[in-house]
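Contents: one structure, followed by commentary.
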Amino acid sequence: MIFSPRPGQPVRLHYRARVALSMPHHGRTGVVLRAGRGPGPRNVEVLLALGPRLVVPRGNLVAI
């Protein structure tokens with residue numbers, strides 16, 4: 001998990017094994033565009049290398 005994602009940081013989407021098969025973007029790489037500041041769940045907008053922009057929780061990101 002990335003605690004403080006920064007714009008421009010390369011990341012990989014990672015989900016737990018139980019739900020990874022149902023997530024179509026599991027394992028894909030991308031770049032952080034912007035991150036929410038809270039106080040609720042901290043979501044991050046990611047531009048995937050071969051696809052669209054996604055908004056995912058920061059707990060599902062792994063730094064590359």
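Chains: A, B, ... in order of the structure tokens. Residues: from 1 per chain. Ligands: from 1, in order shown.
The neighbours of range 22-29 of chain A here are the residues that come within 7 Å of it, using only C-alpha atoms and leaving out any residue fewer than 6 positions away in the same chain; they are Val11, Arg12, Leu13, His14, Tyr15, Leu48 and Ala49 of chain A.
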Distance in Å - CA of Arg58 in chain A versus CA of Ile2 in chain A: 6.3 Å
Can you list every residue in chain A that DSSP puts in strand (DSSP E), as a ChimeraX atom specification? /A:10-13,29-35,43-48,53-57,61-63
Can you list every residue in chain A that DSSP puts in alpha helix (DSSP H), as a PyMOL selection string? chain A and resi 17-20
Point out the residue among A:Pro39, A:Pro10, A:Val44, A:Ala17 with the least atom-to-atom distance to Val62 in chain A, counting only C-alpha atoms. A:Pro10
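Minimum distance to Ala63 in chain A across A:Gly36, A:Pro5, A:Pro41, A:Gly51 (counting only C-alpha atoms) occurs at A:Pro5.
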Do you know which residues are at most 10 Å from Val46 in chain A counting only C-alpha atoms, after dropping those on the same chain fewer than 4 positions away, and could you put them as a PyMOL selection string? chain A and resi 7-13+29-35+52-56+61
Next, dump the selected residues to file, keeping only C-alpha atoms, as a tab-separated table (two decimals), in the first residue's frame.
chain	number	residue	atom	x	y	z
A	7	PRO	CA	1.29	12.83	-8.89
A	8	GLY	CA	3.55	11.21	-11.48
A	9	GLN	CA	4.38	8.20	-9.29
A	10	PRO	CA	4.29	4.85	-11.16
A	11	VAL	CA	2.01	2.29	-9.50
A	12	ARG	CA	0.53	-1.18	-9.98
A	13	LEU	CA	-3.06	-2.09	-9.07
A	29	THR	CA	0.36	-0.46	-14.20
A	30	GLY	CA	-0.21	3.25	-14.43
A	31	VAL	CA	0.68	6.69	-13.13
A	32	VAL	CA	-0.92	8.66	-10.30
A	33	LEU	CA	-2.68	11.77	-11.61
A	34	ARG	CA	-4.04	13.12	-8.34
A	35	ALA	CA	-4.91	11.97	-4.83
A	52	PRO	CA	-8.74	4.60	-19.08
A	53	ARG	CA	-8.45	6.70	-15.96
A	54	LEU	CA	-9.61	4.99	-12.77
A	55	VAL	CA	-10.34	6.14	-9.26
A	56	VAL	CA	-9.25	3.50	-6.74
A	61	LEU	CA	-1.86	0.56	-5.08
